[in-house]
Amino acid sequence: MKHFEYLEPGTVAEACGLLKQYGGEARVFAGGSSLTILLKQGFLQPEALINIKKIDELRRIEASGDDLVIGALVTHHDIETSSLLAERLPVLCELEHDVANIRVRNMATVGGNIASGEPLTDLPCVFITLDATVRIANTSGGRTLPLEDVFVDYYETQLQDDEVLTHVVIPPLPAHSAVDYVRFSSSSVVDKPCIGVAVRMAVDPDDGTCGGVRIGLGCVAPTPMRARGAEAALEGQRLTDENLEQAARSAAEECNPMDDLRGSERYKREMVAALVRRLARKVHQQARGSAA
């Protein structure tokens with residue numbers, strides 16, 4: 001690897017200042033599970049690495065009013081074992097059981113998972129379905145973005161040279177709603193997912209119509225995405241075999257998978273349809289139970 005400066009700022013402001021000082025030639029890291037591979041393969045050759053692991057304010061999972069706030073340095077294992085998330089959003093704890101292996105989950109962080117722009121990942125797909133936003137610090141103060149707007153293309157995000165992603169903020173679920181996630185891997189449970197599908201849905205207890213529908217797709221496009229056409233097929237409607245099939249086919253058409261070792265484009269589209277169909281029905285039943 002190319003020689004680089006190694007820096008350990010004690011605050012977010014200091015980290016942003018160092019990033020600005022190096023003008024795009026520095027990289028932030030915490031767990032380093034993805035960055036180390038890119039460095040060894042020569043895809044990245046920064047002048048400086050900025051380790052933010054010692055910034056304790058980014059290590060917490062906490063409630064802020066009705067919102068849940070997850071710091072960028074929270075690890076996958078922290079999410080897996082969080083009692084607060086187990087009570088409020090157990091889907092996040094449950095999905096972590098199949099993410100990589102325990103060594104990776106102990107090191108890899110939520111912030112790194114998002115900021116890397118990695119397309120084959122689980123958490124961002126669910127965060128998008130939950131209408132999560134991200135807080136981003138910079139030398140001018142900071143900004144907030146919908147999490148889905150962070151991603152631009154393969155391994156490319158909207159983060160600027162002096163910016164650090166600091167928190168993920170998740171608003172409360174709508175009343176009478178449920179959310180779930182399914183990942184499909186074509187080789188083994190510890191492999192990167194081939195397809196990820198997340199569905200959130202509320203069911204009106206009076207007329208049984210679906211509302212607040214969110215369908216997130218992961219690993220089948222350059223970035224995690226919402227299947228908005230599929231959502232529209234169900235929004236404001238009672239769930240039927242016909243509109244469920246319409247939503248499933250729409251999701252398969254909206255995604256943009258590529259042929260690779262995990263499967264062909266056609267195979268992935270068919271799997272997206274099957275998983276959306278299956279998961280939407282399951283979430284609808286769960287939401288109906290909460291509305292009863």
# chains A, B, ... in the order shown; residues from 1 in each chain; ligands from 1
$ residues_around --residues "Ala30 of chain A" --least-positions-apart "2" --cutoff "8 Å" --atoms "only C-alpha atoms" --output "number ranges by chain"
A: 28, 32, 51-53, 73, 108-109, 112
$ residues_around --residues "Leu130 of chain A" --least-positions-apart "6" --cutoff "8 Å" --atoms "only C-alpha atoms" --output "list in words"
Ile170, Pro171, Leu173, Arg200 and Arg214 of chain A
$ residues_around --residues "Val168 of chain A" --least-positions-apart "4" --cutoff "9 Å" --atoms "only C-alpha atoms" --output "ChimeraX atom specification"
/A:68-72,110-111,127,132-135,147
$ write_last_selection --atoms "all heavy atoms" --output "short mmCIF file (atom, residue, chain, number, x, y, z; two decimals), in the first residue's frame"
data_model
loop_
_atom_site.label_atom_id
_atom_site.label_comp_id
_atom_site.auth_asym_id
_atom_site.auth_seq_id
_atom_site.Cartn_x
_atom_site.Cartn_y
_atom_site.Cartn_z
N LEU A 68 -35.66 7.17 16.62
CA LEU A 68 -34.49 6.38 17.01
C LEU A 68 -33.27 6.96 16.30
O LEU A 68 -33.33 7.25 15.10
CB LEU A 68 -34.67 4.92 16.61
CG LEU A 68 -35.68 4.11 17.41
CD1 LEU A 68 -35.92 2.75 16.76
CD2 LEU A 68 -35.20 3.92 18.85
N VAL A 69 -32.19 7.14 17.04
CA VAL A 69 -30.97 7.74 16.49
C VAL A 69 -29.83 6.74 16.64
O VAL A 69 -29.52 6.30 17.75
CB VAL A 69 -30.62 9.06 17.19
CG1 VAL A 69 -29.38 9.67 16.56
CG2 VAL A 69 -31.80 10.04 17.10
N ILE A 70 -29.22 6.39 15.53
CA ILE A 70 -28.13 5.41 15.50
C ILE A 70 -26.86 6.12 15.06
O ILE A 70 -26.79 6.66 13.95
CB ILE A 70 -28.45 4.24 14.55
CG1 ILE A 70 -29.75 3.55 14.98
CG2 ILE A 70 -27.31 3.24 14.52
CD1 ILE A 70 -30.22 2.47 14.02
N GLY A 71 -25.84 6.13 15.91
CA GLY A 71 -24.59 6.79 15.59
C GLY A 71 -23.81 6.04 14.52
O GLY A 71 -23.93 4.83 14.36
N ALA A 72 -22.99 6.78 13.80
CA ALA A 72 -22.24 6.21 12.68
C ALA A 72 -21.25 5.13 13.12
O ALA A 72 -20.89 4.25 12.33
CB ALA A 72 -21.50 7.32 11.94
N VAL A 110 -22.21 1.12 11.02
CA VAL A 110 -23.36 1.59 10.25
C VAL A 110 -22.95 2.72 9.30
O VAL A 110 -23.31 2.73 8.13
CB VAL A 110 -24.47 2.08 11.20
CG1 VAL A 110 -25.59 2.76 10.43
CG2 VAL A 110 -25.02 0.91 12.00
N GLY A 111 -22.18 3.68 9.83
CA GLY A 111 -21.76 4.80 8.99
C GLY A 111 -20.91 4.35 7.82
O GLY A 111 -21.09 4.83 6.69
N PHE A 127 -33.42 0.77 5.99
CA PHE A 127 -33.47 2.17 6.41
C PHE A 127 -34.32 3.00 5.44
O PHE A 127 -35.09 3.87 5.86
CB PHE A 127 -32.06 2.76 6.48
CG PHE A 127 -31.26 2.32 7.68
CD1 PHE A 127 -29.87 2.29 7.62
CD2 PHE A 127 -31.87 1.96 8.86
CE1 PHE A 127 -29.12 1.91 8.72
CE2 PHE A 127 -31.13 1.57 9.97
CZ PHE A 127 -29.76 1.55 9.90
N ALA A 132 -35.79 6.69 6.81
CA ALA A 132 -34.69 7.20 7.62
C ALA A 132 -34.01 8.39 6.93
O ALA A 132 -34.00 8.51 5.69
CB ALA A 132 -33.66 6.10 7.85
N THR A 133 -33.46 9.27 7.75
CA THR A 133 -32.63 10.37 7.26
C THR A 133 -31.24 10.23 7.87
O THR A 133 -31.03 9.48 8.83
CB THR A 133 -33.21 11.74 7.66
OG1 THR A 133 -33.32 11.81 9.09
CG2 THR A 133 -34.57 11.95 7.04
N VAL A 134 -30.27 10.93 7.29
CA VAL A 134 -28.92 10.92 7.83
C VAL A 134 -28.49 12.34 8.16
O VAL A 134 -28.85 13.29 7.46
CB VAL A 134 -27.90 10.28 6.87
CG1 VAL A 134 -28.18 8.79 6.69
CG2 VAL A 134 -27.87 10.97 5.52
N ARG A 135 -27.75 12.47 9.25
CA ARG A 135 -27.13 13.73 9.61
C ARG A 135 -25.70 13.72 9.10
O ARG A 135 -24.96 12.74 9.30
CB ARG A 135 -27.14 13.94 11.12
CG ARG A 135 -28.54 14.06 11.71
CD ARG A 135 -28.47 14.13 13.21
NE ARG A 135 -29.81 14.15 13.83
CZ ARG A 135 -30.02 13.95 15.12
NH1 ARG A 135 -29.00 13.71 15.95
NH2 ARG A 135 -31.25 13.98 15.60
N LEU A 147 -32.14 9.24 3.58
CA LEU A 147 -31.07 8.27 3.38
C LEU A 147 -30.99 7.79 1.94
O LEU A 147 -29.91 7.59 1.40
CB LEU A 147 -31.25 7.08 4.33
CG LEU A 147 -30.08 6.12 4.36
CD1 LEU A 147 -29.75 5.69 5.78
CD2 LEU A 147 -30.34 4.88 3.51
#
$ closest_residue --among "A:Gly65, A:Pro174, A:Gly23, A:Pro224" --to "Asp204 of chain A" --atoms "only C-alpha atoms"
A:Pro174
$ residues_around --residues "Pro46 of chain A" --least-positions-apart "2" --cutoff "6 Å" --atoms "only C-alpha atoms" --output "PyMOL selection string"
chain A and resi 25-26+48
$ write_last_selection --atoms "N, CA and C atoms" --output "PDB file, in the first residue's frame"
ATOM      1  N   GLU A  25      -8.109  14.124  -0.700  1.00  0.00           N
ATOM      2  CA  GLU A  25      -7.051  13.105  -0.696  1.00  0.00           C
ATOM      3  C   GLU A  25      -6.975  12.364   0.637  1.00  0.00           C
ATOM      4  N   ALA A  26      -8.056  12.434   1.423  1.00  0.00           N
ATOM      5  CA  ALA A  26      -8.119  11.717   2.700  1.00  0.00           C
ATOM      6  C   ALA A  26      -9.389  10.881   2.738  1.00  0.00           C
ATOM      7  N   ALA A  48      -4.021  10.480   3.341  1.00  0.00           N
ATOM      8  CA  ALA A  48      -4.247  10.363   4.789  1.00  0.00           C
ATOM      9  C   ALA A  48      -5.460   9.491   5.063  1.00  0.00           C
TER      10      ALA A  48
END
$ closest_residue --among "A:Leu145, A:Val182, A:Ile215, A:Met258" --to "Leu275 of chain A" --atoms "only C-alpha atoms"
A:Val182
$ closest_residue --among "A:Asp131, A:Glu14, A:Asp241, A:Glu80" --to "Ile50 of chain A" --atoms "only C-alpha atoms"
A:Glu14
